[in-house]
>>> print(open('my_file36.cif').read())   # mmCIF, C-alpha atoms
data_query
#
loop_
_atom_site.label_atom_id
_atom_site.label_comp_id
_atom_site.auth_asym_id
_atom_site.auth_seq_id
_atom_site.Cartn_x
_atom_site.Cartn_y
_atom_site.Cartn_z
CA MET A 1 39.72 -49.07 -47.33
CA ASP A 2 41.61 -52.11 -48.66
CA LEU A 3 39.12 -54.57 -47.21
CA MET A 4 40.19 -57.62 -49.20
CA GLY A 5 43.89 -56.95 -48.70
CA ARG A 6 43.54 -56.69 -44.93
CA LEU A 7 41.14 -59.57 -44.20
CA ASP A 8 42.37 -62.31 -41.90
CA PRO A 9 43.14 -65.28 -44.20
CA GLU A 10 40.60 -67.58 -42.53
CA ILE A 11 37.92 -64.87 -42.74
CA ALA A 12 38.83 -64.26 -46.39
CA ALA A 13 38.26 -67.97 -47.11
CA VAL A 14 34.53 -67.65 -46.29
CA PHE A 15 34.05 -64.06 -47.44
CA ALA A 16 33.07 -64.86 -51.03
CA ASP A 17 30.17 -67.00 -49.79
CA LEU A 18 28.67 -64.28 -47.58
CA PRO A 19 25.31 -63.06 -48.93
CA ALA A 20 24.68 -59.39 -49.57
CA LEU A 21 22.08 -57.95 -47.19
CA ASP A 22 19.72 -55.48 -48.87
CA LEU A 23 18.06 -53.23 -46.32
CA THR A 24 16.09 -51.42 -49.00
CA ASP A 25 13.77 -54.46 -48.65
CA ILE A 26 13.45 -54.89 -44.88
CA PRO A 27 11.00 -57.86 -44.92
CA GLY A 28 13.29 -59.60 -47.40
CA ALA A 29 16.36 -58.75 -45.33
CA ARG A 30 14.71 -60.14 -42.21
CA LYS A 31 14.05 -63.43 -43.93
CA ALA A 32 17.54 -63.51 -45.46
CA LEU A 33 19.18 -62.95 -42.07
CA MET A 34 17.20 -65.66 -40.35
CA ASP A 35 17.83 -68.05 -43.27
CA MET A 36 21.56 -67.31 -42.99
CA ARG A 37 21.56 -67.88 -39.22
CA ALA A 38 19.51 -71.06 -39.63
CA ALA A 39 22.02 -72.37 -42.15
CA ALA A 40 24.91 -71.48 -39.87
CA ASN A 41 23.20 -73.23 -36.94
CA GLU A 42 22.12 -76.28 -38.94
CA GLY A 43 22.88 -79.41 -37.00
CA VAL A 44 23.53 -77.46 -33.78
CA GLU A 45 21.28 -79.00 -31.15
CA PRO A 46 20.19 -77.17 -27.98
CA SER A 47 22.69 -77.87 -25.24
CA PRO A 48 21.47 -80.49 -22.75
CA ALA A 49 23.42 -78.55 -20.12
CA VAL A 50 21.17 -75.49 -20.55
CA THR A 51 17.46 -75.03 -19.91
CA ARG A 52 15.43 -72.49 -21.88
CA THR A 53 12.16 -70.94 -20.71
CA ASP A 54 10.20 -68.17 -22.44
CA HIS A 55 8.23 -65.63 -20.44
CA MET A 56 5.89 -62.79 -21.36
CA VAL A 57 6.61 -59.81 -19.12
CA PRO A 58 4.68 -56.55 -18.70
CA GLY A 59 5.54 -53.83 -21.18
CA LEU A 60 6.53 -50.36 -20.03
CA ASN A 61 3.74 -47.86 -19.34
CA GLY A 62 0.98 -50.01 -20.81
CA ALA A 63 2.93 -51.15 -23.88
CA PRO A 64 2.39 -54.72 -25.12
CA ASP A 65 3.92 -57.56 -23.15
CA VAL A 66 7.54 -58.35 -24.00
CA ARG A 67 8.90 -61.84 -24.68
CA VAL A 68 12.10 -62.81 -22.90
CA ARG A 69 14.00 -66.10 -22.94
CA HIS A 70 15.68 -67.35 -19.78
CA TYR A 71 18.70 -69.64 -20.22
CA ARG A 72 20.12 -71.36 -17.17
CA PRO A 73 22.65 -74.08 -16.28
CA ALA A 74 20.62 -77.31 -16.10
CA GLY A 75 20.48 -78.76 -12.63
CA GLN A 76 21.88 -75.62 -11.02
CA SER A 77 19.58 -74.57 -8.19
CA GLY A 78 21.87 -72.02 -6.57
CA ILE A 79 22.12 -68.29 -7.17
CA VAL A 80 24.09 -67.37 -10.30
CA PRO A 81 24.96 -64.08 -12.01
CA CYS A 82 22.95 -63.06 -15.06
CA LEU A 83 23.70 -61.56 -18.46
CA TYR A 84 20.77 -59.55 -19.82
CA TRP A 85 21.18 -59.85 -23.59
CA ILE A 86 19.88 -57.70 -26.46
CA HIS A 87 20.14 -59.34 -29.89
CA GLY A 88 21.46 -57.37 -32.84
CA GLY A 89 20.14 -56.67 -36.32
CA GLY A 90 20.83 -53.08 -37.29
CA HIS A 91 17.83 -51.99 -35.19
CA VAL A 92 15.45 -53.52 -37.76
CA LEU A 93 16.32 -57.24 -38.05
CA GLY A 94 16.73 -60.31 -35.89
CA GLN A 95 15.01 -62.16 -33.07
CA ILE A 96 15.91 -64.07 -29.91
CA GLU A 97 16.33 -67.43 -31.64
CA GLN A 98 19.30 -66.30 -33.74
CA ASP A 99 21.51 -66.19 -30.63
CA ASP A 100 20.43 -69.46 -29.01
CA PRO A 101 23.77 -71.25 -29.69
CA VAL A 102 25.80 -68.28 -28.42
CA MET A 103 23.71 -68.02 -25.27
CA ASP A 104 24.02 -71.77 -24.65
CA HIS A 105 27.80 -71.41 -24.96
CA ILE A 106 27.95 -68.48 -22.55
CA VAL A 107 25.79 -70.24 -19.95
CA GLU A 108 27.95 -73.36 -20.13
CA THR A 109 31.31 -71.59 -20.22
CA VAL A 110 30.71 -68.72 -17.80
CA GLY A 111 28.30 -70.52 -15.46
CA CYS A 112 25.77 -67.69 -15.50
CA ALA A 113 22.13 -67.32 -16.48
CA VAL A 114 21.04 -65.28 -19.49
CA VAL A 115 17.82 -63.38 -20.09
CA SER A 116 17.41 -62.36 -23.75
CA VAL A 117 14.79 -59.80 -24.80
CA ASP A 118 12.69 -59.77 -27.98
CA TRP A 119 12.35 -56.00 -28.58
CA ARG A 120 9.87 -54.50 -31.04
CA ARG A 121 11.54 -53.67 -34.34
CA PRO A 122 11.55 -50.44 -36.34
CA PRO A 123 10.39 -49.06 -38.71
CA GLU A 124 7.06 -50.40 -37.46
CA HIS A 125 8.05 -49.53 -33.88
CA PRO A 126 10.70 -46.76 -33.81
CA PHE A 127 12.56 -45.45 -30.76
CA PRO A 128 11.66 -45.35 -27.90
CA ALA A 129 9.58 -48.54 -28.27
CA PRO A 130 12.57 -50.93 -28.57
CA MET A 131 14.36 -49.31 -25.62
CA ASP A 132 11.14 -49.40 -23.58
CA ASP A 133 10.99 -53.14 -24.22
CA CYS A 134 14.63 -53.57 -23.22
CA TYR A 135 14.08 -51.64 -19.99
CA ALA A 136 10.87 -53.57 -19.23
CA GLY A 137 12.72 -56.87 -19.58
CA LEU A 138 15.61 -55.69 -17.44
CA SER A 139 13.22 -54.43 -14.77
CA TRP A 140 11.41 -57.77 -14.75
CA THR A 141 14.71 -59.64 -14.49
CA HIS A 142 15.73 -57.60 -11.46
CA ARG A 143 12.30 -57.89 -9.80
CA SER A 144 12.21 -61.64 -10.47
CA ALA A 145 15.76 -62.33 -9.32
CA ALA A 146 14.67 -64.64 -6.48
CA GLU A 147 12.31 -66.59 -8.76
CA LEU A 148 14.99 -66.87 -11.44
CA SER A 149 17.71 -67.74 -8.86
CA VAL A 150 19.97 -64.96 -10.09
CA ASP A 151 21.97 -62.47 -8.07
CA PRO A 152 20.27 -59.04 -8.34
CA ASP A 153 23.62 -57.35 -7.73
CA ARG A 154 25.37 -59.27 -10.55
CA ILE A 155 23.22 -58.46 -13.57
CA ALA A 156 25.21 -57.36 -16.61
CA VAL A 157 23.77 -55.90 -19.81
CA GLY A 158 25.13 -56.96 -23.17
CA GLY A 159 24.46 -57.24 -26.85
CA ALA A 160 26.06 -57.36 -30.27
CA SER A 161 25.95 -54.76 -33.05
CA SER A 162 22.74 -52.73 -32.64
CA GLY A 163 22.14 -54.86 -29.54
CA GLY A 164 25.48 -53.66 -28.18
CA GLY A 165 24.46 -50.07 -28.84
CA SER A 166 21.13 -50.68 -27.13
CA ALA A 167 22.95 -52.27 -24.17
CA ALA A 168 25.06 -49.12 -23.85
CA GLY A 169 21.89 -47.00 -24.05
CA LEU A 170 20.19 -49.22 -21.48
CA ALA A 171 23.14 -48.82 -19.11
CA LEU A 172 22.77 -45.04 -19.42
CA LEU A 173 19.03 -45.25 -18.82
CA ALA A 174 19.43 -47.54 -15.80
CA ARG A 175 22.03 -45.16 -14.33
CA ASP A 176 19.80 -42.14 -14.84
CA ARG A 177 16.63 -43.73 -13.43
CA GLY A 178 18.46 -45.26 -10.50
CA GLU A 179 16.05 -48.19 -10.21
CA ILE A 180 18.15 -51.14 -11.36
CA PRO A 181 21.82 -51.78 -10.55
CA VAL A 182 23.90 -52.95 -13.53
CA CYS A 183 27.29 -54.46 -12.77
CA PHE A 184 28.86 -54.62 -16.25
CA GLN A 185 28.44 -53.75 -19.94
CA LEU A 186 29.33 -56.33 -22.62
CA LEU A 187 29.31 -54.16 -25.74
CA VAL A 188 30.13 -56.43 -28.68
CA TYR A 189 31.08 -54.29 -31.72
CA PRO A 190 28.32 -51.86 -30.70
CA MET A 191 26.35 -49.58 -33.05
CA LEU A 192 26.61 -46.29 -31.17
CA ASP A 193 26.53 -43.25 -33.46
CA ASP A 194 23.71 -42.15 -35.77
CA ARG A 195 25.78 -39.45 -37.49
CA ASN A 196 27.76 -41.71 -39.85
CA VAL A 197 30.69 -39.32 -40.18
CA THR A 198 33.64 -41.45 -39.05
CA PRO A 199 36.25 -42.54 -41.61
CA ALA A 200 35.16 -46.19 -41.35
CA SER A 201 31.48 -45.31 -41.79
CA LEU A 202 32.39 -43.48 -45.00
CA ALA A 203 34.78 -46.12 -46.32
CA LEU A 204 32.87 -49.39 -45.85
CA THR A 205 30.53 -49.86 -48.81
CA GLU A 206 31.08 -53.59 -49.54
CA PRO A 207 27.58 -55.22 -49.73
CA ARG A 208 28.67 -58.47 -48.02
CA VAL A 209 29.41 -56.70 -44.73
CA TRP A 210 27.42 -54.25 -42.62
CA ASN A 211 28.03 -51.16 -44.72
CA ARG A 212 27.26 -47.48 -45.00
CA GLN A 213 23.96 -47.88 -46.86
CA SER A 214 22.66 -50.44 -44.34
CA ASN A 215 23.75 -48.26 -41.44
CA LEU A 216 22.00 -45.18 -42.83
CA ILE A 217 18.78 -47.14 -43.35
CA GLY A 218 18.94 -48.78 -39.92
CA TRP A 219 19.41 -45.50 -38.10
CA ARG A 220 16.67 -43.72 -40.06
CA CYS A 221 14.25 -46.52 -39.28
CA TYR A 222 15.19 -46.33 -35.59
CA VAL A 223 15.10 -42.60 -34.90
CA GLY A 224 13.25 -41.26 -37.95
CA ASP A 225 13.80 -37.75 -39.26
CA ALA A 226 15.79 -36.84 -36.15
CA VAL A 227 18.74 -38.88 -37.46
CA GLY A 228 21.95 -36.87 -37.56
CA THR A 229 20.51 -34.03 -35.45
CA GLU A 230 20.84 -33.02 -31.82
CA ALA A 231 17.30 -34.29 -31.26
CA VAL A 232 18.55 -37.90 -31.12
CA SER A 233 18.44 -39.29 -27.60
CA PRO A 234 21.65 -40.63 -26.04
CA TYR A 235 19.61 -43.69 -25.05
CA ALA A 236 19.28 -44.38 -28.80
CA ALA A 237 22.78 -43.24 -29.84
CA PRO A 238 25.04 -43.45 -26.78
CA THR A 239 27.85 -41.41 -28.34
CA ARG A 240 25.54 -38.43 -27.88
CA ALA A 241 25.69 -38.77 -24.09
CA THR A 242 27.63 -35.85 -22.62
CA ASP A 243 28.20 -37.50 -19.22
CA LEU A 244 29.48 -41.08 -18.97
CA THR A 245 30.40 -40.96 -15.28
CA GLY A 246 28.92 -43.53 -12.95
CA LEU A 247 28.43 -46.21 -15.60
CA PRO A 248 29.39 -49.84 -14.94
CA PRO A 249 32.67 -51.23 -16.30
CA ALA A 250 32.61 -52.07 -20.01
CA TYR A 251 34.19 -54.53 -22.43
CA LEU A 252 34.25 -53.61 -26.14
CA PRO A 253 35.57 -56.09 -28.76
CA VAL A 254 35.57 -55.08 -32.45
CA GLY A 255 37.32 -56.01 -35.69
CA ASP A 256 39.52 -53.40 -37.33
CA LEU A 257 37.53 -53.79 -40.59
CA ASP A 258 34.20 -53.15 -38.88
CA LEU A 259 32.10 -50.10 -39.76
CA PHE A 260 31.89 -49.36 -36.02
CA ILE A 261 35.63 -49.42 -35.28
CA ASP A 262 36.04 -45.64 -34.95
CA GLU A 263 32.97 -44.99 -32.81
CA ASP A 264 33.76 -47.97 -30.57
CA ILE A 265 37.33 -46.80 -29.93
CA GLU A 266 36.09 -43.29 -29.19
CA TYR A 267 33.42 -44.56 -26.79
CA ALA A 268 35.92 -46.73 -24.92
CA GLN A 269 38.25 -43.75 -24.62
CA ARG A 270 35.45 -41.52 -23.33
CA LEU A 271 34.49 -44.13 -20.75
CA LEU A 272 38.06 -44.20 -19.50
CA GLN A 273 38.18 -40.40 -19.39
CA ALA A 274 34.99 -40.52 -17.29
CA ASP A 275 36.77 -42.84 -14.81
CA VAL A 276 34.76 -45.88 -15.97
CA PRO A 277 36.88 -49.05 -16.32
CA ALA A 278 36.81 -50.04 -19.99
CA GLU A 279 38.60 -52.81 -21.86
CA LEU A 280 38.89 -52.45 -25.64
CA HIS A 281 39.97 -55.29 -27.94
CA VAL A 282 40.62 -54.64 -31.64
CA TYR A 283 40.99 -57.75 -33.80
CA PRO A 284 43.16 -57.24 -36.92
CA GLY A 285 41.57 -58.58 -40.09
CA GLY A 286 38.12 -58.91 -38.54
CA ILE A 287 34.95 -57.73 -40.28
CA HIS A 288 31.62 -57.12 -38.56
CA ALA A 289 30.42 -60.34 -36.84
CA PHE A 290 33.47 -62.28 -38.03
CA GLU A 291 33.17 -64.74 -35.15
CA LEU A 292 29.78 -65.80 -36.52
CA HIS A 293 30.88 -65.99 -40.16
CA ALA A 294 34.04 -68.00 -39.46
CA PRO A 295 33.57 -69.48 -35.97
CA GLY A 296 36.36 -72.03 -36.42
CA SER A 297 39.01 -69.46 -37.32
CA ALA A 298 41.80 -68.73 -34.88
CA LEU A 299 40.71 -65.08 -34.75
CA ALA A 300 37.15 -66.03 -33.85
CA GLN A 301 38.31 -68.50 -31.22
CA ARG A 302 40.45 -65.80 -29.63
CA PHE A 303 37.53 -63.35 -29.74
CA ILE A 304 35.20 -65.87 -28.07
CA ARG A 305 37.74 -66.82 -25.41
CA ASP A 306 38.46 -63.15 -24.61
CA ARG A 307 34.74 -62.34 -24.37
CA ASP A 308 34.00 -65.28 -22.09
CA GLU A 309 36.91 -64.49 -19.80
CA ALA A 310 35.80 -60.84 -19.57
CA LEU A 311 32.36 -61.99 -18.39
CA GLN A 312 33.88 -64.41 -15.89
CA ARG A 313 35.99 -61.61 -14.42
CA ALA A 314 33.01 -59.26 -14.26
CA PHE A 315 30.93 -61.80 -12.33
CA GLN A 316 33.58 -62.61 -9.75
CA LYS A 317 32.58 -61.34 -6.32
#
>>> encode(input="my_file36.cif", output="structure tokens")
Amino acid sequence: MDLMGRLDPEIAAVFADLPALDLTDIPGARKALMDMRAAANEGVEPSPAVTRTDHMVPGLNGAPDVRVRHYRPAGQSGIVPCLYWIHGGGHVLGQIEQDDPVMDHIVETVGCAVVSVDWRRPPEHPFPAPMDDCYAGLSWTHRSAAELSVDPDRIAVGGASSGGGSAAGLALLARDRGEIPVCFQLLVYPMLDDRNVTPASLALTEPRVWNRQSNLIGWRCYVGDAVGTEAVSPYAAPTRATDLTGLPPAYLPVGDLDLFIDEDIEYAQRLLQADVPAELHVYPGGIHAFELHAPGSALAQRFIRDRDEALQRAFQK
């Protein structure tokens, strides 16, 4: 893949300064990611228009309590829709705090609440522990709708990267258990397929983007020795689901230079074939997480505007 030749010019301008992420050292990679996000968010103050409250909610089936963060429009006492958010990090990295500025923006722009979940991370806690945490947080959000002043019938699930893949898996799990209604899926360049056999997953080896080596490590940490076999659960790798009928409408944005481009296009197509409304946006010249690396670029601004408008449409009664 001619990555450098196809990069959007404004993305290319920051590309040389992107650090390589080495997942062969997961503790080091965790620190490097949070340092990178802290640098990117330096000088960004919490929005005075948004309140943030952390809660510890019961884990699933006796598992440890799960931390969630509730963001809400300040001064808004009425019922609002809610985005239930799962942060990304290749299934092994990241924490709630990395997405604080994005969640503030969504609350302000869309006028909704957000509940973000701090799932346990592999390899210390492989699947199903992270998905159990995600389901526990979603269940608490639905049960606590009156207390949180959110509409229990307008709860969307969303996430970016591995968080987008987990959001897709959570939508499948919620459909199959039939306990929690989900109105929408916001699947931001989701990590969906553990098999790593698509052309993009073979071609992208550049260390400054999410690449093949990182993806292989992330999936092995998440699902262990089952990776690449039929033993992998569709709740972990949603492309393995054989039945996508009855899922909520979905929105999938992805750059055309993203490792996940092929699997995201295929998943959107399969949703449509299953009679599930799905909107796919492919951004030419965009690498993985380009809107975070070059937030002021025209491509990132279009991505953010499209995402926000998709959520606004989904929450309209």
>>> closest_atom_pairs(input="my_file36.cif", of="range 44-77 of chain A", to="range 140-153 of chain A", cutoff="8 Å", atoms="all atoms listed in the file", output="CSV")
residue,atom,partner,partner_atom,distance
A:Val57,CA,A:Trp140,CA,6.8
A:Pro58,CA,A:Trp140,CA,7.9
A:Ser77,CA,A:Ser149,CA,7.1
>>> closest_residue(input="my_file36.cif", among="A:Met191, A:Leu247, A:Ala129, A:Leu172", to="Ile265 in chain A", atoms="all atoms listed in the file")
A:Met191
>>> residues_around(input="my_file36.cif", residues="Thr109 in chain A", least_positions_apart="3", cutoff="9 Å", atoms="all atoms listed in the file", output="list of chain:residue names")
A:Asp104, A:His105, A:Ile106, A:Cys112, A:Asp308, A:Gln312
>>> axis_aligned_box(input="my_file36.cif", around="range 137-142 of chain A", padding_each_side="6 Å", output="JSON")
{"center_x": 13.6, "center_y": -57.0, "center_z": -15.5, "size_x": 16.3, "size_y": 17.2, "size_z": 20.1}
>>> residues_around(input="my_file36.cif", residues="Pro128 in chain A", least_positions_apart="2", cutoff="9 Å", atoms="all atoms listed in the file", output="list of chain:residue names")
A:His125, A:Pro126, A:Pro130, A:Met131, A:Asp132, A:Asp133, A:Tyr222, A:Val223, A:Tyr235, A:Ala236
>>> resolve_selection(input="my_file36.cif", expression="the PyMOL selection byres ((chain A and resi 158) around 8)", output="list in words")
Leu83, Tyr84, Trp85, Ile86, Ala156, Val157, Gly159, Ala160, Gly163, Gly164, Ala167, Ala168, Gln185, Leu186, Leu187 and Val188 of chain A
>>> atom_distance(input="my_file36.cif", atom1="CA of Ala310 in chain A", atom2="CA of Phe184 in chain A")
9.9 Å
>>> closest_residue(input="my_file36.cif", among="A:Val107, A:Ile217, A:Ile287, A:Ile180", to="Leu3 in chain A", atoms="all atoms listed in the file")
A:Ile287
>>> residues_around(input="my_file36.cif", residues="Thr242 in chain A", least_positions_apart="4", cutoff="10 Å", atoms="only C-alpha atoms", output="PyMOL selection string")
chain A and resi 234+238+270
>>> residues_around(input="my_file36.cif", residues="Pro181 in chain A", least_positions_apart="2", cutoff="8 Å", atoms="all atoms listed in the file", output="PyMOL selection string")
chain A and resi 152-153+155+174-175+178-179+183
>>> resolve_selection(input="my_file36.cif", expression="the PyMOL selection byres ((chain A and resi 219) around 12)", output="ChimeraX atom specification")
/A:23,89-92,121-123,126-127,162,165,191-196,212-218,220-229,232,236-237
>>> residues_around(input="my_file36.cif", residues="Val44 in chain A", least_positions_apart="3", cutoff="12 Å", atoms="only C-alpha atoms", output="PDB file with C-alpha atoms, in the coordinates of the input")
ATOM      1  CA  ARG A  37      21.560 -67.880 -39.220  1.00  0.00           C
ATOM      2  CA  ALA A  38      19.510 -71.060 -39.630  1.00  0.00           C
ATOM      3  CA  ALA A  39      22.020 -72.370 -42.150  1.00  0.00           C
ATOM      4  CA  ALA A  40      24.910 -71.480 -39.870  1.00  0.00           C
ATOM      5  CA  ASN A  41      23.200 -73.230 -36.940  1.00  0.00           C
ATOM      6  CA  SER A  47      22.690 -77.870 -25.240  1.00  0.00           C
ATOM      7  CA  PRO A  48      21.470 -80.490 -22.750  1.00  0.00           C
ATOM      8  CA  GLN A  98      19.300 -66.300 -33.740  1.00  0.00           C
ATOM      9  CA  ASP A  99      21.510 -66.190 -30.630  1.00  0.00           C
ATOM     10  CA  ASP A 100      20.430 -69.460 -29.010  1.00  0.00           C
ATOM     11  CA  PRO A 101      23.770 -71.250 -29.690  1.00  0.00           C
ATOM     12  CA  VAL A 102      25.800 -68.280 -28.420  1.00  0.00           C
ATOM     13  CA  ASP A 104      24.020 -71.770 -24.650  1.00  0.00           C
ATOM     14  CA  HIS A 105      27.800 -71.410 -24.960  1.00  0.00           C
TER      15      HIS A 105
END
>>> resolve_selection(input="my_file36.cif", expression="the PyMOL selection byres ((chain A and resi 189) around 6)", output="PyMOL selection string")
chain A and resi 161+188+190+253-254
>>> closest_residue(input="my_file36.cif", among="A:Cys134, A:Met4, A:Val68, A:Ala294", to="Leu204 in chain A", atoms="all atoms listed in the file")
A:Met4
>>> closest_residue(input="my_file36.cif", among="A:Leu7, A:Cys82, A:Ala289, A:Ala200", to="Asp262 in chain A", atoms="all atoms listed in the file")
A:Ala200
>>> atom_distance(input="my_file36.cif", atom1="CA of Asp258 in chain A", atom2="CA of Trp210 in chain A")
7.8 Å
>>> atom_distance(input="my_file36.cif", atom1="CA of His281 in chain A", atom2="CA of Ile261 in chain A")
10.4 Å
>>> closest_residue(input="my_file36.cif", among="A:Leu257, A:Gly43, A:Asp54, A:Gly111", to="Pro73 in chain A", atoms="only C-alpha atoms")
A:Gly111
>>> build_atoms(input="my_file36.cif", residues="range 268-288 of chain A", atoms="N, CA and C atoms", output="short mmCIF file (atom, residue, chain, number, x, y, z; two decimals), keeping the file's coordinate frame")
data_model
loop_
_atom_site.label_atom_id
_atom_site.label_comp_id
_atom_site.auth_asym_id
_atom_site.auth_seq_id
_atom_site.Cartn_x
_atom_site.Cartn_y
_atom_site.Cartn_z
N ALA A 268 35.07 -46.14 -25.96
CA ALA A 268 35.92 -46.73 -24.92
C ALA A 268 36.82 -45.66 -24.30
N GLN A 269 37.38 -44.81 -25.13
CA GLN A 269 38.25 -43.75 -24.62
C GLN A 269 37.48 -42.79 -23.73
N ARG A 270 36.27 -42.44 -24.14
CA ARG A 270 35.45 -41.52 -23.33
C ARG A 270 35.04 -42.15 -22.01
N LEU A 271 34.78 -43.45 -22.01
CA LEU A 271 34.49 -44.13 -20.75
C LEU A 271 35.68 -44.03 -19.81
N LEU A 272 36.86 -44.29 -20.33
CA LEU A 272 38.06 -44.20 -19.50
C LEU A 272 38.27 -42.78 -18.97
N GLN A 273 38.03 -41.80 -19.81
CA GLN A 273 38.18 -40.40 -19.39
C GLN A 273 37.16 -40.03 -18.33
N ALA A 274 36.02 -40.76 -18.30
CA ALA A 274 34.99 -40.52 -17.29
C ALA A 274 35.21 -41.38 -16.04
N ASP A 275 36.39 -42.01 -15.94
CA ASP A 275 36.77 -42.84 -14.81
C ASP A 275 35.93 -44.11 -14.72
N VAL A 276 35.48 -44.61 -15.88
CA VAL A 276 34.76 -45.88 -15.97
C VAL A 276 35.73 -46.93 -16.51
N PRO A 277 35.99 -48.01 -15.79
CA PRO A 277 36.88 -49.05 -16.32
C PRO A 277 36.35 -49.58 -17.65
N ALA A 278 37.21 -49.58 -18.66
CA ALA A 278 36.81 -50.04 -19.99
C ALA A 278 37.95 -50.82 -20.62
N GLU A 279 37.61 -51.96 -21.19
CA GLU A 279 38.60 -52.81 -21.86
C GLU A 279 38.23 -52.90 -23.33
N LEU A 280 39.12 -52.46 -24.20
CA LEU A 280 38.89 -52.45 -25.64
C LEU A 280 39.78 -53.48 -26.31
N HIS A 281 39.20 -54.33 -27.15
CA HIS A 281 39.97 -55.29 -27.94
C HIS A 281 39.69 -55.06 -29.41
N VAL A 282 40.73 -54.82 -30.19
CA VAL A 282 40.62 -54.64 -31.64
C VAL A 282 41.28 -55.84 -32.31
N TYR A 283 40.52 -56.51 -33.18
CA TYR A 283 40.99 -57.75 -33.80
C TYR A 283 41.39 -57.48 -35.25
N PRO A 284 42.69 -57.52 -35.56
CA PRO A 284 43.16 -57.24 -36.92
C PRO A 284 42.61 -58.24 -37.93
N GLY A 285 42.09 -57.72 -39.04
CA GLY A 285 41.57 -58.58 -40.09
C GLY A 285 40.15 -59.03 -39.88
N GLY A 286 39.47 -58.49 -38.85
CA GLY A 286 38.12 -58.91 -38.54
C GLY A 286 37.07 -57.96 -39.10
N ILE A 287 36.09 -58.51 -39.82
CA ILE A 287 34.95 -57.73 -40.28
C ILE A 287 33.85 -57.78 -39.23
N HIS A 288 32.75 -57.11 -39.48
CA HIS A 288 31.62 -57.12 -38.56
C HIS A 288 31.10 -58.56 -38.41
#
